[in-house]
$ cat upload26.tsv   # TSV, C-alpha atoms
chain	number	residue	atom	x	y	z
A	1	GLY	CA	68.15	114.66	47.51
A	2	HIS	CA	69.16	111.03	47.60
A	3	VAL	CA	70.25	109.11	50.67
A	4	GLY	CA	73.78	110.10	51.66
A	5	GLY	CA	76.17	107.63	50.10
A	6	ALA	CA	79.60	108.95	49.37
A	7	THR	CA	81.43	107.29	46.51
A	8	PRO	CA	84.72	105.76	47.63
A	9	PRO	CA	87.76	106.90	45.68
A	10	PRO	CA	88.57	104.58	42.75
A	11	GLY	CA	90.74	101.63	43.63
A	12	SER	CA	90.17	102.04	47.34
A	13	ASP	CA	88.70	99.29	49.47
A	14	LEU	CA	86.68	101.78	51.49
A	15	PRO	CA	83.04	100.81	51.80
A	16	TRP	CA	80.09	102.89	50.68
A	17	LEU	CA	78.67	104.82	53.62
A	18	PHE	CA	74.93	105.36	54.05
A	19	GLY	CA	73.00	107.29	56.67
A	20	GLU	CA	72.92	110.88	57.79
A	21	ASP	CA	75.76	110.87	60.30
A	22	ALA	CA	77.71	108.02	58.69
A	23	PRO	CA	80.73	110.12	57.61
A	24	ARG	CA	81.05	111.57	61.11
A	25	ALA	CA	80.73	108.20	62.84
A	26	TRP	CA	82.87	106.29	60.34
A	27	PRO	CA	86.35	106.93	61.86
A	28	ALA	CA	85.45	105.04	65.04
A	29	LEU	CA	84.11	102.09	63.07
A	30	GLN	CA	87.11	102.18	60.76
A	31	GLU	CA	89.40	102.01	63.78
A	32	ALA	CA	87.57	98.94	65.10
A	33	LEU	CA	87.65	97.30	61.67
A	34	ALA	CA	91.37	98.02	61.28
A	35	ARG	CA	92.02	95.52	64.09
A	36	HIS	CA	90.55	92.82	61.87
A	37	PRO	CA	92.38	93.02	58.54
A	38	GLU	CA	90.74	89.75	57.49
A	39	LEU	CA	87.29	91.37	57.76
A	40	ALA	CA	87.85	95.02	56.86
A	41	PRO	CA	88.39	94.64	53.08
A	42	ARG	CA	85.26	92.50	52.81
A	43	VAL	CA	82.99	95.29	54.10
A	44	ARG	CA	81.34	96.68	50.96
A	45	ALA	CA	78.96	99.09	52.66
A	46	ALA	CA	78.33	100.50	56.12
A	47	VAL	CA	74.81	101.67	56.92
A	48	ARG	CA	74.23	103.93	59.90
A	49	VAL	CA	70.98	102.92	61.64
A	50	GLY	CA	69.08	105.53	63.63
A	51	GLY	CA	72.26	107.49	64.30
A	52	ARG	CA	73.16	104.88	66.91
A	53	ARG	CA	74.64	101.77	65.36
A	54	TRP	CA	75.86	100.20	62.11
A	55	ASN	CA	74.87	97.46	59.73
A	56	LEU	CA	77.75	96.23	57.61
A	57	LEU	CA	77.38	94.57	54.24
A	58	ILE	CA	80.06	91.89	53.86
A	59	ASP	CA	80.98	90.51	50.44
A	60	GLY	CA	77.97	92.37	49.06
A	61	ARG	CA	75.59	89.75	50.45
A	62	ILE	CA	75.70	89.30	54.23
A	63	GLU	CA	74.25	91.94	56.54
A	64	VAL	CA	76.08	92.15	59.85
A	65	ARG	CA	74.12	94.01	62.52
A	66	LEU	CA	76.45	95.62	65.01
A	67	PRO	CA	75.51	96.74	68.54
A	68	GLU	CA	75.45	100.39	69.64
A	69	SER	CA	78.43	99.90	71.92
A	70	ASP	CA	81.33	97.44	72.14
A	71	VAL	CA	81.64	97.37	68.36
A	72	ALA	CA	85.23	96.13	68.62
A	73	ASP	CA	84.08	93.25	70.81
A	74	ALA	CA	81.32	92.33	68.34
A	75	LEU	CA	83.77	92.40	65.43
A	76	GLY	CA	86.10	90.21	67.45
A	77	ARG	CA	83.32	87.64	67.87
A	78	LEU	CA	82.64	87.75	64.13
A	79	ALA	CA	86.34	87.33	63.32
A	80	ARG	CA	86.61	84.33	65.65
A	81	LEU	CA	83.55	82.70	64.11
A	82	GLU	CA	84.89	83.29	60.64
A	83	ALA	CA	88.30	81.85	61.57
A	84	ALA	CA	86.83	78.79	63.30
A	85	ASP	CA	83.79	78.08	61.18
A	86	ARG	CA	84.08	80.01	57.89
A	87	LEU	CA	80.72	81.50	58.86
A	88	LEU	CA	80.79	84.12	56.11
A	89	GLU	CA	81.26	81.50	53.38
A	90	ARG	CA	78.09	79.72	54.42
A	91	ALA	CA	74.54	80.18	53.20
A	92	VAL	CA	73.69	83.07	55.49
A	93	VAL	CA	72.06	86.40	54.72
A	94	ALA	CA	72.48	88.10	58.10
A	95	VAL	CA	74.49	87.87	61.30
A	96	ASP	CA	73.13	89.72	64.33
A	97	LEU	CA	75.76	90.70	66.91
A	98	ARG	CA	73.59	93.14	68.85
A	99	HIS	CA	73.33	90.93	71.96
A	100	PRO	CA	76.51	90.31	73.97
A	101	GLY	CA	77.50	86.66	74.05
A	102	LEU	CA	74.93	85.74	71.41
A	103	VAL	CA	75.28	85.47	67.65
A	104	ALA	CA	72.05	85.11	65.71
A	105	VAL	CA	72.50	83.82	62.17
A	106	GLU	CA	69.80	84.12	59.53
A	107	PRO	CA	70.17	81.36	56.92
A	108	ASP	CA	69.75	81.93	53.21
A	109	LEU	CA	66.70	79.74	52.71
A	110	SER	CA	66.84	79.81	48.92
A	111	VAL	CA	70.34	78.31	48.93
A	112	LEU	CA	69.42	75.75	51.57
A	113	ALA	CA	66.26	74.77	49.69
A	114	ALA	CA	68.22	74.33	46.47
A	115	ALA	CA	70.87	72.29	48.27
A	116	GLY	CA	68.40	70.09	50.14
A	117	GLY	CA	65.71	69.77	47.51
A	118	GLY	CA	67.58	68.70	44.42
A	119	ARG	CA	69.80	65.79	45.28
A	120	THR	CA	71.22	64.01	42.27

$ encode --input "upload26.tsv" --output "structure tokens"
Amino acid sequence: GHVGGATPPPGSDLPWLFGEDAPRAWPALQEALARHPELAPRVRAAVRVGGRRWNLLIDGRIEVRLPESDVADALGRLARLEAADRLLERAVVAVDLRHPGLVAVEPDLSVLAAAGGGRT
């Protein structure tokens, strides 16, 4: 069979879920996301990693790596960064929130190279 990925109902803004126990673990994540209405609709997919934690795909292009615990806290950090710095509009491919008090951002090098290399 293929990797578990349930199709969201048409017209819903529910993300695609991937991973064996994703449907079972989803309600807790959904509850945490519901506290951040500015983030929740932008989550296109939620990938369960090792049955322990989630990676979220935001806007179909940015991977957000969530910790095993304190998911709500991690989402709060992401929401604050987005509000203050428009982090998710920038040239980033991944945001790692797995370490408390630390946000690791992986830049999109192709975009940065294009921006820096071809000045007119």

$ atom_distance --input "upload26.tsv" --atom1 "atom CA of Ala83 of chain A" --atom2 "atom CA of Pro23 of chain A"
29.5 Å

$ residues_around --input "upload26.tsv" --residues "segment 32-42 of chain A" --least-positions-apart "6" --cutoff "7 Å" --atoms "all atoms listed in the file" --output "ChimeraX atom specification"
/A:13,58-59,71-72,79

$ residues_near_point --input "upload26.tsv" --point "(84.4, 101.2, 54.9)" --cutoff "8 Å" --atoms "only C-alpha atoms" --output "list in words"
Asp13, Leu14, Pro15, Trp16, Leu17, Trp26, Gln30, Ala40, Pro41, Val43, Arg44, Ala45 and Ala46 of chain A

$ closest_residue --input "upload26.tsv" --among "A:Val47, A:Leu29, A:Ile62, A:Val111" --to "Ala74 of chain A" --atoms "only C-alpha atoms"
A:Leu29

$ closest_residue --input "upload26.tsv" --among "A:Gly50, A:Pro107, A:Pro100, A:Gly19" --to "Leu75 of chain A" --atoms "all atoms listed in the file"
A:Pro100

$ atom_distance --input "upload26.tsv" --atom1 "atom CA of Arg86 of chain A" --atom2 "atom CA of Asn55 of chain A"
19.8 Å

$ build_atoms --input "upload26.tsv" --residues "segment 12-23 of chain A" --atoms "N, CA and C atoms" --output "compact mmCIF listing (two decimals), keeping the file's coordinate frame"
# COMPACT_ATOMS: atom_id res chain seq x y z
N SER A 12 90.04 102.17 45.89
CA SER A 12 90.17 102.04 47.34
C SER A 12 89.28 100.89 47.79
N ASP A 13 89.59 100.34 48.97
CA ASP A 13 88.70 99.29 49.47
C ASP A 13 87.79 99.86 50.54
N LEU A 14 87.60 101.18 50.53
CA LEU A 14 86.68 101.78 51.49
C LEU A 14 85.25 101.43 51.11
N PRO A 15 84.42 101.14 52.11
CA PRO A 15 83.04 100.81 51.80
C PRO A 15 82.22 102.05 51.48
N TRP A 16 81.09 101.84 50.84
CA TRP A 16 80.09 102.89 50.68
C TRP A 16 79.49 103.16 52.05
N LEU A 17 79.27 104.44 52.35
CA LEU A 17 78.67 104.82 53.62
C LEU A 17 77.27 105.37 53.37
N PHE A 18 76.32 104.90 54.17
CA PHE A 18 74.93 105.36 54.05
C PHE A 18 74.43 105.81 55.42
N GLY A 19 73.57 106.80 55.42
CA GLY A 19 73.00 107.29 56.67
C GLY A 19 73.51 108.69 56.95
N GLU A 20 72.66 109.46 57.64
CA GLU A 20 72.92 110.88 57.79
C GLU A 20 74.25 111.19 58.45
N ASP A 21 74.53 110.53 59.58
CA ASP A 21 75.76 110.87 60.30
C ASP A 21 76.87 109.86 60.03
N ALA A 22 76.72 109.07 58.97
CA ALA A 22 77.71 108.02 58.69
C ALA A 22 79.13 108.56 58.54
N PRO A 23 79.34 109.65 57.76
CA PRO A 23 80.73 110.12 57.61
C PRO A 23 81.35 110.54 58.93
